[in-house]
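Asker: Encoded as structure tokens, here's the structure I'll be asking about.
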Amino acid sequence: MTIRVAVAGATGKMGKLALALVEGAEDLELHAALSSKSELDEMLGADVVLDVTHPAASAGIVEFATGAGIPIVVGTSGWSSDRIAEIERFVRGHDEAGAVLFIPNFSIGSTLGTAFAALAAPWFDSIEIVEAHHAGKVDSPSGTAVRTAELIGEARAAAGPVEAPHADQRARGQLVSGVPVHSLRMSGLLAEQRVVLGGDGETLTIAHSTLSPSSYEAGILLALRRATEATGVTVGLGALLGLDLPGAAAAPAAPADPTVPAVPAAE
């Protein structure tokens with residue numbers, strides 16, 4: 001079956017990458033390429049929408065797609081857990097609403113880094129996140145950092161909150177789920193994240209660097225292919241990779257995607 005894809009934000013870097021991926025995939029077909037000047041009803045008739053716009057536009061796109069019963073993959077940053085919960089309540093209360101997949105980061109490596117941080121979180125009381133992006137990124141903290149901090153907070157539900165001394169000082173970063181997050185926006189970078197965990201006499205650093213936009217390709221294709229059979233709200237690429245992360249909605253089972261390396265099931 002050919003999946004008809006509408007790309008919102010088609011003129012941006014991620015949008016152009018998505019267009020190239022859709023055009024190069026035998027099972028995908030471009031239904032519409034939406035820019036800031038497009039009407040939202042151009043999405044009608046698509047099997048799935050990919051939203052890679054900006055925070056100010058994303059909410060309206062998600063509301064239109066869900067209301068029209070079209071599954072949507074949201075790659076736009078700026079969606080907090082509270083706002084996602086509002087969408088989840090809407091989708092749950094409307095049988096005809098389209099499924100929503102919120103994917104803060106399409107990189108498999110970044111998703112694994114977040115999973116590793118959540119796994120280690122209960123064992124370290126001092127945890128901070130440093131994320132760095134190119135100067136043109138308009139939001140901070142990044143969606144990936146917010147997602148990582150939220151999962152760390154959930155993973156530490158039994159252990160208690162992270163130790164964050166002097167959190168009232170602005171230089172200590174923004175607290176997200178009790179975890180200090182520091183954001184860099186500067187030329188020469190694409191995307192990096194470091195989660196630093198401190199314990200008695202040791203530190204553990206979980207770092208991921210994005211060197212090329214090609215690192216997002218496998219995740220974008222996986223999300224588009226899985227969205228048509230998804231239900232409700234799914235948060236994070238980890239759910240699609242079969243990673244057992246706290247707070248991640250279960251994704252429907254699907255045949256193995258040859259573009260994505262197999263992930264062993266947790267024992």
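By convention in this document, the chains of the structure tokens carry letters A, B, ... by their order, each chain's residues are numbered from 1, and ligands are numbered from 1 in the order they are shown.
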I'd like the contact shell of Trp79 (chain A) - 10 Å cut-off, only C-alpha atoms, skipping same-chain residues fewer than 3 positions apart - returned as JSON, numbers by chain.
Answerer: {"A": [55, 58, 59, 74, 75, 76, 82, 83, 84, 85, 102, 103, 104, 142, 143, 146, 147]}
Asker: Kindly export the residues of the current selection with N, CA, C and O atoms, as a JSON list (two decimals), in the first residue's frame.
Answerer:
[["chain", "number", "residue", "atom", "x", "y", "z"],
["A", 55, "PRO", "N", 7.04, 26.09, 16.82],
["A", 55, "PRO", "CA", 6.08, 25.97, 17.92],
["A", 55, "PRO", "C", 4.80, 26.79, 17.75],
["A", 55, "PRO", "O", 3.71, 26.34, 18.13],
["A", 58, "SER", "N", 2.59, 24.77, 15.12],
["A", 58, "SER", "CA", 2.38, 23.34, 15.31],
["A", 58, "SER", "C", 1.04, 23.00, 15.94],
["A", 58, "SER", "O", 0.36, 22.06, 15.51],
["A", 59, "ALA", "N", 0.61, 23.77, 16.95],
["A", 59, "ALA", "CA", -0.63, 23.44, 17.65],
["A", 59, "ALA", "C", -1.82, 23.45, 16.70],
["A", 59, "ALA", "O", -2.66, 22.54, 16.73],
["A", 74, "VAL", "N", 4.53, 14.46, 14.76],
["A", 74, "VAL", "CA", 4.93, 15.80, 15.17],
["A", 74, "VAL", "C", 6.43, 15.81, 15.49],
["A", 74, "VAL", "O", 6.86, 15.24, 16.49],
["A", 75, "GLY", "N", 7.19, 16.45, 14.63],
["A", 75, "GLY", "CA", 8.62, 16.58, 14.87],
["A", 75, "GLY", "C", 9.01, 17.97, 15.33],
["A", 75, "GLY", "O", 10.19, 18.28, 15.47],
["A", 76, "THR", "N", 8.01, 18.82, 15.57],
["A", 76, "THR", "CA", 8.26, 20.19, 16.01],
["A", 76, "THR", "C", 8.51, 20.23, 17.51],
["A", 76, "THR", "O", 7.78, 19.59, 18.27],
["A", 82, "ASP", "N", 2.38, 18.77, 29.55],
["A", 82, "ASP", "CA", 1.02, 19.26, 29.80],
["A", 82, "ASP", "C", 0.24, 19.45, 28.50],
["A", 82, "ASP", "O", -0.94, 19.09, 28.42],
["A", 83, "ARG", "N", 0.90, 20.00, 27.50],
["A", 83, "ARG", "CA", 0.22, 20.22, 26.22],
["A", 83, "ARG", "C", -0.05, 18.90, 25.52],
["A", 83, "ARG", "O", -1.10, 18.73, 24.89],
["A", 84, "ILE", "N", 0.88, 17.97, 25.63],
["A", 84, "ILE", "CA", 0.65, 16.64, 25.04],
["A", 84, "ILE", "C", -0.53, 15.96, 25.74],
["A", 84, "ILE", "O", -1.34, 15.29, 25.09],
["A", 85, "ALA", "N", -0.64, 16.14, 27.06],
["A", 85, "ALA", "CA", -1.76, 15.55, 27.80],
["A", 85, "ALA", "C", -3.09, 16.10, 27.32],
["A", 85, "ALA", "O", -4.09, 15.38, 27.26],
["A", 102, "PHE", "N", 4.26, 12.07, 18.80],
["A", 102, "PHE", "CA", 5.18, 13.15, 19.12],
["A", 102, "PHE", "C", 6.60, 12.59, 19.16],
["A", 102, "PHE", "O", 6.91, 11.74, 20.00],
["A", 103, "ILE", "N", 7.44, 13.05, 18.25],
["A", 103, "ILE", "CA", 8.81, 12.54, 18.15],
["A", 103, "ILE", "C", 9.78, 13.71, 18.36],
["A", 103, "ILE", "O", 10.09, 14.45, 17.42],
["A", 104, "PRO", "N", 10.27, 13.91, 19.60],
["A", 104, "PRO", "CA", 11.18, 15.02, 19.86],
["A", 104, "PRO", "C", 12.47, 14.94, 19.05],
["A", 104, "PRO", "O", 13.07, 15.98, 18.75],
["A", 142, "SER", "N", 15.69, 22.32, 24.18],
["A", 142, "SER", "CA", 15.25, 21.55, 23.03],
["A", 142, "SER", "C", 14.19, 20.53, 23.46],
["A", 142, "SER", "O", 14.11, 20.14, 24.63],
["A", 143, "GLY", "N", 13.41, 20.09, 22.51],
["A", 143, "GLY", "CA", 12.42, 19.06, 22.79],
["A", 143, "GLY", "C", 13.07, 17.77, 23.28],
["A", 143, "GLY", "O", 12.53, 17.08, 24.14],
["A", 146, "VAL", "N", 13.99, 18.29, 26.96],
["A", 146, "VAL", "CA", 12.79, 18.23, 27.79],
["A", 146, "VAL", "C", 12.33, 16.79, 27.96],
["A", 146, "VAL", "O", 12.01, 16.35, 29.07],
["A", 147, "ARG", "N", 12.31, 16.05, 26.86],
["A", 147, "ARG", "CA", 11.90, 14.64, 26.93],
["A", 147, "ARG", "C", 12.86, 13.84, 27.83],
["A", 147, "ARG", "O", 12.42, 13.02, 28.64]]
Asker: For the structure I just gave you, how does DSSP split region 89-255 of chain A - specifically, which residues are strand (DSSP E or B)? Reply as a ChimeraX atom specification.
Answerer: /A:100-102,126-133,174-176,179-185,191-199,202-210,233-235
Asker: Calculate how many Å separate CA of Leu224 (chain A) from CA of Asp51 (chain A), rounding to one decimal.
Answerer: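 Interatomic distance here is 10.9 Å.
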Asker: Would you mind listing what lies within 7 Å of Val162 (chain A) as a short mmCIF file (atom, residue, chain, number, x, y, z; two decimals) with all heavy atoms, in the first residue's frame, with only C-alpha atoms counted and same-chain residues fewer than 4 positions away left out?
Answerer:
data_model
loop_
_atom_site.label_atom_id
_atom_site.label_comp_id
_atom_site.auth_asym_id
_atom_site.auth_seq_id
_atom_site.Cartn_x
_atom_site.Cartn_y
_atom_site.Cartn_z
N ASP A 125 22.15 10.85 42.22
CA ASP A 125 21.31 11.92 42.73
C ASP A 125 21.57 13.26 42.06
O ASP A 125 20.71 14.13 42.03
CB ASP A 125 21.50 12.07 44.25
CG ASP A 125 20.93 10.89 45.02
OD1 ASP A 125 19.97 10.28 44.52
OD2 ASP A 125 21.45 10.58 46.10
N SER A 126 22.78 13.44 41.52
CA SER A 126 23.13 14.68 40.81
C SER A 126 23.06 14.43 39.31
O SER A 126 23.83 13.61 38.79
CB SER A 126 24.53 15.16 41.20
OG SER A 126 24.57 15.55 42.56
N ILE A 127 22.16 15.13 38.62
CA ILE A 127 21.99 14.94 37.17
C ILE A 127 21.72 16.30 36.52
O ILE A 127 20.84 17.04 36.97
CB ILE A 127 20.84 13.97 36.84
CG1 ILE A 127 20.99 12.65 37.59
CG2 ILE A 127 20.76 13.72 35.34
CD1 ILE A 127 19.81 11.70 37.42
N GLY A 178 12.57 18.93 37.53
CA GLY A 178 13.56 18.99 38.60
C GLY A 178 15.00 18.84 38.15
O GLY A 178 15.91 18.89 38.98
N VAL A 179 15.23 18.68 36.83
CA VAL A 179 16.58 18.49 36.30
C VAL A 179 17.06 19.80 35.67
O VAL A 179 16.39 20.34 34.78
CB VAL A 179 16.60 17.37 35.24
CG1 VAL A 179 18.02 17.17 34.70
CG2 VAL A 179 16.05 16.07 35.81
#
Asker: In Å, with one decimal, what is the gap from CA of Leu190 (chain A) to CA of Ile108 (chain A)?
Answerer: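 Distance between the two atoms: 15.9 Å.
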Asker: Could you give me, as a list in words, the residues within 6 Å of Ile70 (chain A), counting only C-alpha atoms and dropping anything in the same chain fewer than 5 positions from it?
Answerer: Val48, Ala65 and Gly98 of chain A
Asker: Between A:Ala117, A:Ala145, A:Ala46, A:Leu189, which residue has the minimum interatomic distance to Ala227 (chain A), considering only C-alpha atoms?
Answerer: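 Using only C-alpha atoms, Ala227 (chain A) sits closest to A:Ala46.
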Asker: Would you write out, as JSON lines, a table of all residues in region 103-189 of chain A that have an atom no more than 12 Å from an atom of region 9-16 of chain A, listing for each the closest atom pair and the distance in Å to one decimal, considering only C-alpha atoms and ordering rows by chain and rising residue number?
Answerer:
{"residue": "A:Asn105", "atom": "CA", "partner": "A:Met14", "partner_atom": "CA", "distance": 11.5}
{"residue": "A:Phe106", "atom": "CA", "partner": "A:Met14", "partner_atom": "CA", "distance": 10.5}
{"residue": "A:Gly136", "atom": "CA", "partner": "A:Lys13", "partner_atom": "CA", "distance": 11.2}
{"residue": "A:Lys137", "atom": "CA", "partner": "A:Lys13", "partner_atom": "CA", "distance": 11.4}
Asker: Output the selection as a PDB file, in the first residue's frame - N, CA and C atoms for each residue.
Answerer:
ATOM      1  N   ASN A 105      12.889  13.723  18.716  1.00  0.00           N
ATOM      2  CA  ASN A 105      14.132  13.577  17.967  1.00  0.00           C
ATOM      3  C   ASN A 105      14.032  12.304  17.129  1.00  0.00           C
ATOM      4  N   PHE A 106      14.263  12.428  15.822  1.00  0.00           N
ATOM      5  CA  PHE A 106      14.156  11.280  14.923  1.00  0.00           C
ATOM      6  C   PHE A 106      15.439  10.449  14.878  1.00  0.00           C
ATOM      7  N   GLY A 136      20.272  29.098  14.814  1.00  0.00           N
ATOM      8  CA  GLY A 136      18.953  29.364  14.273  1.00  0.00           C
ATOM      9  C   GLY A 136      17.817  28.654  14.976  1.00  0.00           C
ATOM     10  N   LYS A 137      18.112  27.791  15.919  1.00  0.00           N
ATOM     11  CA  LYS A 137      17.042  27.080  16.619  1.00  0.00           C
ATOM     12  C   LYS A 137      16.326  28.054  17.546  1.00  0.00           C
TER      13      LYS A 137
END
Asker: I'd like the neighbourhood of Ser107 (chain A) as a ChimeraX atom specification, where a residue qualifies if any of its atoms comes within 12 Å (using only C-alpha atoms), though same-chain residues fewer than 4 positions away should be ignored.
Answerer: /A:75,103,111-114,144,191-192,208-223,236-238,241,260
Asker: Would you list the contacts of Ala25 (chain A) as an NGL selection string, taking every protein, DNA or RNA residue within 12 Å and counting only C-alpha atoms, but skipping same-chain residues closer than 3 positions in sequence?
Answerer: :A and (2-5 or 18-22 or 28-30 or 217-218 or 220-222 or 224-225 or 259)
Asker: What lies within 7 Å of Met43 (chain A) using only C-alpha atoms, ignoring chain neighbours under 2 positions off, as number ranges by chain?
Answerer: A: 6, 32, 40-41, 45-46
Asker: Please produce an output containing N, CA and C atoms for each residue in the selection, written as a PDB file, in the first residue's frame.
Answerer:
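Wrote again_38.pdb, looks like this:
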ATOM      1  N   ALA A   6       1.479  14.244   3.707  1.00  0.00           N
ATOM      2  CA  ALA A   6       1.477  15.706   3.629  1.00  0.00           C
ATOM      3  C   ALA A   6       2.560  16.226   4.564  1.00  0.00           C
ATOM      4  N   ALA A  32       0.939  16.485  -0.325  1.00  0.00           N
ATOM      5  CA  ALA A  32       0.964  17.946  -0.296  1.00  0.00           C
ATOM      6  C   ALA A  32       2.221  18.420   0.419  1.00  0.00           C
ATOM      7  N   LEU A  40      -4.594  24.890   5.549  1.00  0.00           N
ATOM      8  CA  LEU A  40      -4.509  23.612   6.250  1.00  0.00           C
ATOM      9  C   LEU A  40      -5.324  22.517   5.577  1.00  0.00           C
ATOM     10  N   ASP A  41      -6.379  22.890   4.862  1.00  0.00           N
ATOM     11  CA  ASP A  41      -7.195  21.857   4.235  1.00  0.00           C
ATOM     12  C   ASP A  41      -6.483  21.162   3.076  1.00  0.00           C
ATOM     13  N   GLY A  45      -7.153  14.281   2.705  1.00  0.00           N
ATOM     14  CA  GLY A  45      -6.881  13.245   1.723  1.00  0.00           C
ATOM     15  C   GLY A  45      -5.562  12.534   1.944  1.00  0.00           C
ATOM     16  N   ALA A  46      -4.720  13.081   2.812  1.00  0.00           N
ATOM     17  CA  ALA A  46      -3.445  12.423   3.133  1.00  0.00           C
ATOM     18  C   ALA A  46      -3.676  11.257   4.087  1.00  0.00           C
TER      19      ALA A  46
END
Asker: Rounded to one decimal, what separation in Å do you get between CA of Ser38 (chain A) and CA of Gly69 (chain A)?
Answerer: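 So the two atoms, CA of Ser38 (chain A) and CA of Gly69 (chain A), lie 19.5 Å apart.
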Asker: Pick out the closest residue to Val62 (chain A) from this set: A:Thr205, A:Leu240, A:Ser35, A:Ala99. Count only C-alpha atoms.
Answerer: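 Looking at the shortest contact to Val62 (chain A), the residue is A:Ala99.
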Asker: Enumerate as a PyMOL selection string all residues of region 140-204 of chain A assigned to helix (DSSP H, G or I) by DSSP on the backbone, naming them with the chain letters and numbers the document uses.
Answerer: chain A and resi 143-155+170-172
Asker: Based on the selection just made, write all heavy atoms of those residues as a compact mmCIF listing (two decimals), in the first residue's frame.
Answerer:
# COMPACT_ATOMS: atom_id res chain seq x y z
N GLY A 143 13.41 20.09 22.51
CA GLY A 143 12.42 19.06 22.79
C GLY A 143 13.07 17.77 23.28
O GLY A 143 12.53 17.08 24.14
N THR A 144 14.25 17.47 22.75
CA THR A 144 14.96 16.27 23.19
C THR A 144 15.37 16.38 24.65
O THR A 144 15.23 15.43 25.43
CB THR A 144 16.20 16.04 22.31
OG1 THR A 144 15.79 15.91 20.95
CG2 THR A 144 16.95 14.79 22.74
N ALA A 145 15.88 17.56 25.04
CA ALA A 145 16.29 17.76 26.43
C ALA A 145 15.11 17.70 27.37
O ALA A 145 15.18 17.13 28.47
CB ALA A 145 17.02 19.09 26.58
N VAL A 146 13.99 18.29 26.96
CA VAL A 146 12.79 18.23 27.79
C VAL A 146 12.33 16.79 27.96
O VAL A 146 12.01 16.35 29.07
CB VAL A 146 11.66 19.07 27.15
CG1 VAL A 146 10.32 18.82 27.86
CG2 VAL A 146 12.01 20.55 27.21
N ARG A 147 12.31 16.05 26.86
CA ARG A 147 11.90 14.64 26.93
C ARG A 147 12.86 13.84 27.83
O ARG A 147 12.42 13.02 28.64
CB ARG A 147 11.89 14.04 25.52
CG ARG A 147 11.61 12.55 25.44
CD ARG A 147 10.23 12.23 25.87
NE ARG A 147 9.92 10.82 25.65
CZ ARG A 147 8.96 10.16 26.27
NH1 ARG A 147 8.20 10.79 27.15
NH2 ARG A 147 8.73 8.89 26.02
N THR A 148 14.15 14.09 27.70
CA THR A 148 15.13 13.38 28.53
C THR A 148 14.93 13.70 30.00
O THR A 148 14.93 12.80 30.85
CB THR A 148 16.56 13.76 28.11
OG1 THR A 148 16.75 13.46 26.72
CG2 THR A 148 17.59 12.98 28.92
N ALA A 149 14.73 14.97 30.32
CA ALA A 149 14.52 15.38 31.71
C ALA A 149 13.24 14.77 32.28
O ALA A 149 13.21 14.32 33.44
CB ALA A 149 14.47 16.90 31.81
N GLU A 150 12.19 14.74 31.47
CA GLU A 150 10.92 14.17 31.94
C GLU A 150 11.07 12.68 32.23
O GLU A 150 10.55 12.17 33.24
CB GLU A 150 9.82 14.40 30.91
CG GLU A 150 9.40 15.87 30.81
CD GLU A 150 8.42 16.13 29.70
OE1 GLU A 150 8.25 15.25 28.81
OE2 GLU A 150 7.81 17.21 29.69
N LEU A 151 11.79 11.97 31.38
CA LEU A 151 11.99 10.53 31.60
C LEU A 151 12.89 10.29 32.81
O LEU A 151 12.69 9.32 33.56
CB LEU A 151 12.58 9.88 30.35
CG LEU A 151 11.63 9.75 29.17
CD1 LEU A 151 12.36 9.18 27.96
CD2 LEU A 151 10.44 8.87 29.52
N ILE A 152 13.88 11.16 33.02
CA ILE A 152 14.72 11.04 34.22
C ILE A 152 13.86 11.23 35.46
O ILE A 152 13.97 10.48 36.44
CB ILE A 152 15.86 12.09 34.17
CG1 ILE A 152 16.90 11.66 33.13
CG2 ILE A 152 16.52 12.24 35.55
CD1 ILE A 152 17.97 12.71 32.88
N GLY A 153 12.99 12.23 35.43
CA GLY A 153 12.11 12.47 36.56
C GLY A 153 11.21 11.29 36.85
O GLY A 153 11.02 10.90 38.02
N GLU A 154 10.65 10.69 35.80
CA GLU A 154 9.78 9.53 35.99
C GLU A 154 10.56 8.33 36.48
O GLU A 154 10.08 7.56 37.32
CB GLU A 154 9.06 9.22 34.68
CG GLU A 154 8.06 10.27 34.26
CD GLU A 154 7.36 9.92 32.97
OE1 GLU A 154 7.07 8.73 32.77
OE2 GLU A 154 7.11 10.83 32.15
N ALA A 155 11.78 8.15 35.97
CA ALA A 155 12.60 7.01 36.38
C ALA A 155 13.01 7.12 37.85
O ALA A 155 13.31 6.11 38.50
CB ALA A 155 13.83 6.91 35.49
N ARG A 170 19.93 32.00 37.92
CA ARG A 170 19.64 31.81 36.50
C ARG A 170 20.73 31.02 35.78
O ARG A 170 20.45 30.28 34.83
CB ARG A 170 19.44 33.17 35.84
CG ARG A 170 18.21 33.91 36.33
CD ARG A 170 18.03 35.24 35.62
NE ARG A 170 17.82 35.08 34.19
CZ ARG A 170 17.70 36.09 33.34
NH1 ARG A 170 17.82 37.34 33.78
NH2 ARG A 170 17.49 35.88 32.05
N ALA A 171 21.96 31.18 36.23
CA ALA A 171 23.06 30.48 35.57
C ALA A 171 23.01 28.97 35.79
O ALA A 171 23.73 28.22 35.13
CB ALA A 171 24.40 31.02 36.06
N ARG A 172 22.13 28.52 36.70
CA ARG A 172 22.03 27.09 36.98
C ARG A 172 21.15 26.36 35.99
O ARG A 172 20.94 25.16 36.09
CB ARG A 172 21.50 26.88 38.41
CG ARG A 172 22.48 27.33 39.48
CD ARG A 172 23.65 26.36 39.60
NE ARG A 172 23.20 25.07 40.04
CZ ARG A 172 23.32 23.95 39.34
NH1 ARG A 172 23.88 23.97 38.14
NH2 ARG A 172 22.88 22.80 39.81
